[in-house]
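Structure first, commentary second.
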Amino acid sequence: MPTTIACAAALLLLTTLIHYEALRALDRIVPLLRWPGRSHIVLVIVALFCAHVVEIVLYAATYFLLLRHAALGSIGRSATLSINHALYFSFETFSTLGYGDIAPAGAIRLLAGTESLNGLLLIGWSSSYAHIAMQRAAGER
């Protein structure tokens with residue numbers, strides 16, 4: 001359990017830092033763009049999507065490593081864990097989609113719960129930023 005708590009804390013810090021830096025970079029780059037109309041909103045959405053994918057991959061890699069090498073539980077019924085299963089589970093958990101076809105068992109459940117809350121907060125942060133970017137674009141007409 002201490003390993004899971006340490007990984008959860010580290011991932012919370014790392015993903016928040018990644019997200020902060022992505023938003024900070026967008027704040028520096030977007031005003032410099034001289035694209036027609038409001039097309040720079042596409043850049044904002046794609047960049048935010050990419051930041052989320054990086055964060056999700058970090059969680060997936062952590063699941064894969066902890067389940068493969070530290071035996072802290074399982075995800076799903078399959079005895080063999082693949083990186084594809086870890087990625088799918090991470091995307092589903094981060095987005096709080098929760099199909100329920102793959103469920104965590106054991107100590108890894110703490111990390112899954114942390115990822116859900118973290119994903120919800122980061123997605124909300126992205127939504128807020130995208131809304132502000134659209135307001136700025138509308139003001140530039």
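Chain lettering (A, B, ...) mirrors the order of the structure tokens, residue numbering begins at 1 for each chain separately, and ligand numbering begins at 1 in order of display.
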
Residue neighbourhood region 95-100 of chain A, 9 Å, only C-alpha atoms, exclusion window fewer than 5 positions, as a PyMOL selection string: chain A and resi 89-90+115-117+119-120+123

Those same residues - N, CA, C and O atoms - I'd like them written as a compact mmCIF listing (two decimals), in the first residue's frame.
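Here's the written file out_6.txt:
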# COMPACT_ATOMS: atom_id res chain seq x y z
N PHE A 89 -7.66 0.81 -19.73
CA PHE A 89 -8.14 1.04 -18.37
C PHE A 89 -7.85 2.47 -17.92
O PHE A 89 -8.68 3.13 -17.31
N SER A 90 -6.66 2.96 -18.27
CA SER A 90 -6.29 4.31 -17.89
C SER A 90 -7.15 5.36 -18.59
O SER A 90 -7.60 6.33 -17.97
N GLU A 115 -6.64 8.45 -9.99
CA GLU A 115 -6.63 8.84 -11.40
C GLU A 115 -7.97 9.43 -11.81
O GLU A 115 -8.03 10.42 -12.56
N SER A 116 -9.06 8.85 -11.34
CA SER A 116 -10.39 9.38 -11.69
C SER A 116 -10.56 10.81 -11.21
O SER A 116 -11.00 11.68 -11.97
N LEU A 117 -10.23 11.06 -9.97
CA LEU A 117 -10.36 12.41 -9.43
C LEU A 117 -9.40 13.38 -10.13
O LEU A 117 -9.79 14.49 -10.49
N GLY A 119 -8.13 13.08 -13.17
CA GLY A 119 -8.62 13.28 -14.53
C GLY A 119 -9.79 14.25 -14.57
O GLY A 119 -9.84 15.14 -15.43
N LEU A 120 -10.71 14.11 -13.64
CA LEU A 120 -11.85 15.00 -13.58
C LEU A 120 -11.40 16.45 -13.39
O LEU A 120 -11.88 17.37 -14.07
N ILE A 123 -9.47 17.67 -16.63
CA ILE A 123 -10.40 17.89 -17.73
C ILE A 123 -11.20 19.18 -17.47
O ILE A 123 -11.42 19.98 -18.38

Could you pull the residues within 12 Å of region 28-36 of chain A, counting only C-alpha atoms, minus those fewer than 4 positions along the same chain, as an mmCIF file with N, CA, C and O atoms, in the first residue's frame?
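That gives us around38.cif:
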data_model
loop_
_atom_site.group_PDB
_atom_site.id
_atom_site.type_symbol
_atom_site.label_atom_id
_atom_site.label_comp_id
_atom_site.auth_asym_id
_atom_site.auth_seq_id
_atom_site.Cartn_x
_atom_site.Cartn_y
_atom_site.Cartn_z
ATOM 1 N N GLU A 21 2.257 23.376 -17.365
ATOM 2 C CA GLU A 21 3.236 23.797 -18.376
ATOM 3 C C GLU A 21 2.616 23.842 -19.779
ATOM 4 O O GLU A 21 2.950 24.715 -20.580
ATOM 5 N N ALA A 22 1.711 22.914 -20.067
ATOM 6 C CA ALA A 22 1.031 22.933 -21.370
ATOM 7 C C ALA A 22 0.182 24.196 -21.503
ATOM 8 O O ALA A 22 0.212 24.871 -22.542
ATOM 9 N N LEU A 23 -0.547 24.537 -20.456
ATOM 10 C CA LEU A 23 -1.379 25.734 -20.492
ATOM 11 C C LEU A 23 -0.525 27.001 -20.551
ATOM 12 O O LEU A 23 -0.852 27.958 -21.262
ATOM 13 N N ARG A 24 0.569 26.988 -19.838
ATOM 14 C CA ARG A 24 1.488 28.139 -19.857
ATOM 15 C C ARG A 24 2.084 28.330 -21.252
ATOM 16 O O ARG A 24 2.202 29.449 -21.735
ATOM 17 N N HIS A 40 -7.140 29.398 -34.275
ATOM 18 C CA HIS A 40 -6.167 28.990 -33.255
ATOM 19 C C HIS A 40 -6.830 28.210 -32.109
ATOM 20 O O HIS A 40 -6.149 27.565 -31.328
ATOM 21 N N ILE A 41 -8.159 28.244 -32.028
ATOM 22 C CA ILE A 41 -8.865 27.429 -31.033
ATOM 23 C C ILE A 41 -8.598 25.943 -31.288
ATOM 24 O O ILE A 41 -8.505 25.149 -30.362
ATOM 25 N N VAL A 42 -8.438 25.586 -32.561
ATOM 26 C CA VAL A 42 -8.120 24.195 -32.904
ATOM 27 C C VAL A 42 -6.793 23.801 -32.263
ATOM 28 O O VAL A 42 -6.663 22.701 -31.709
ATOM 29 N N LEU A 43 -5.816 24.692 -32.309
ATOM 30 C CA LEU A 43 -4.529 24.421 -31.664
ATOM 31 C C LEU A 43 -4.716 24.202 -30.168
ATOM 32 O O LEU A 43 -4.129 23.269 -29.602
ATOM 33 N N VAL A 44 -5.520 25.025 -29.544
ATOM 34 C CA VAL A 44 -5.768 24.892 -28.105
ATOM 35 C C VAL A 44 -6.370 23.520 -27.797
ATOM 36 O O VAL A 44 -5.888 22.819 -26.897
ATOM 37 N N ILE A 45 -7.370 23.128 -28.550
ATOM 38 C CA ILE A 45 -8.040 21.840 -28.295
ATOM 39 C C ILE A 45 -7.083 20.672 -28.532
ATOM 40 O O ILE A 45 -7.009 19.741 -27.723
ATOM 41 N N ALA A 47 -3.769 20.709 -28.452
ATOM 42 C CA ALA A 47 -2.717 20.729 -27.425
ATOM 43 C C ALA A 47 -3.239 20.198 -26.096
ATOM 44 O O ALA A 47 -2.545 19.426 -25.415
ATOM 45 N N ALA A 130 -10.146 26.345 -22.288
ATOM 46 C CA ALA A 130 -10.693 26.415 -23.647
ATOM 47 C C ALA A 130 -11.789 27.475 -23.727
ATOM 48 O O ALA A 130 -11.883 28.220 -24.711
ATOM 49 N N ALA A 133 -10.097 30.797 -23.826
ATOM 50 C CA ALA A 133 -9.485 30.991 -25.146
ATOM 51 C C ALA A 133 -10.541 31.377 -26.179
ATOM 52 O O ALA A 133 -10.294 32.229 -27.039
ATOM 53 N N MET A 134 -11.730 30.774 -26.086
ATOM 54 C CA MET A 134 -12.799 31.125 -27.025
ATOM 55 C C MET A 134 -13.317 32.539 -26.773
ATOM 56 O O MET A 134 -13.629 33.267 -27.713
ATOM 57 N N ARG A 136 -11.501 34.999 -25.597
ATOM 58 C CA ARG A 136 -10.463 35.882 -26.128
ATOM 59 C C ARG A 136 -10.580 35.984 -27.645
ATOM 60 O O ARG A 136 -10.443 37.066 -28.208
ATOM 61 N N ALA A 137 -10.818 34.860 -28.297
ATOM 62 C CA ALA A 137 -10.944 34.847 -29.755
ATOM 63 C C ALA A 137 -12.158 35.650 -30.204
ATOM 64 O O ALA A 137 -12.103 36.363 -31.210
ATOM 65 N N GLU A 140 -11.521 39.334 -30.289
ATOM 66 C CA GLU A 140 -10.570 39.812 -31.306
ATOM 67 C C GLU A 140 -11.229 40.093 -32.648
ATOM 68 O O GLU A 140 -10.569 40.455 -33.587
ATOM 69 N N ARG A 141 -12.510 39.885 -32.752
ATOM 70 C CA ARG A 141 -13.204 40.073 -34.035
ATOM 71 C C ARG A 141 -13.086 41.455 -34.551
ATOM 72 O O ARG A 141 -13.040 42.470 -34.115
#

Non-local contacts of Val53 (chain A) (12 Å; only C-alpha atoms; under 6 positions in same chain excluded) as a list in words: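 Near Val53 (chain A), the qualifying residues are Thr15, Ile18, His19, Val46, Ala47, Tyr59, Ala60, Leu87, Tyr88, Ser90, Phe91, Glu92, Phe94, Ser95, Gly119, Leu122 and Ile123 of chain A.
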
Expected answer as an NGL selection string: strand (DSSP E or B) residues in chain A: :A and (74-75 or 104-105)

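Take the candidates A:Ile132, A:Ala105, A:Leu111, A:Ala10 and check each one against Gly73 (chain A) using only C-alpha atoms; the shortest distance goes to A:Ala105.
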
For Leu14 (chain A), the nearest of the candidates A:Ala86, A:Met1, A:Ile56, A:Leu65, counting only C-alpha atoms: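 Of all the options, A:Ile56 lies closest to Leu14 (chain A).
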
Of the listed residues A:Thr16, A:Leu26, A:His52, A:Thr3, that which approaches Leu67 (chain A) most closely, counting only C-alpha atoms: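 Residue with the minimum atom-to-atom distance to Leu67 (chain A): A:Thr3.
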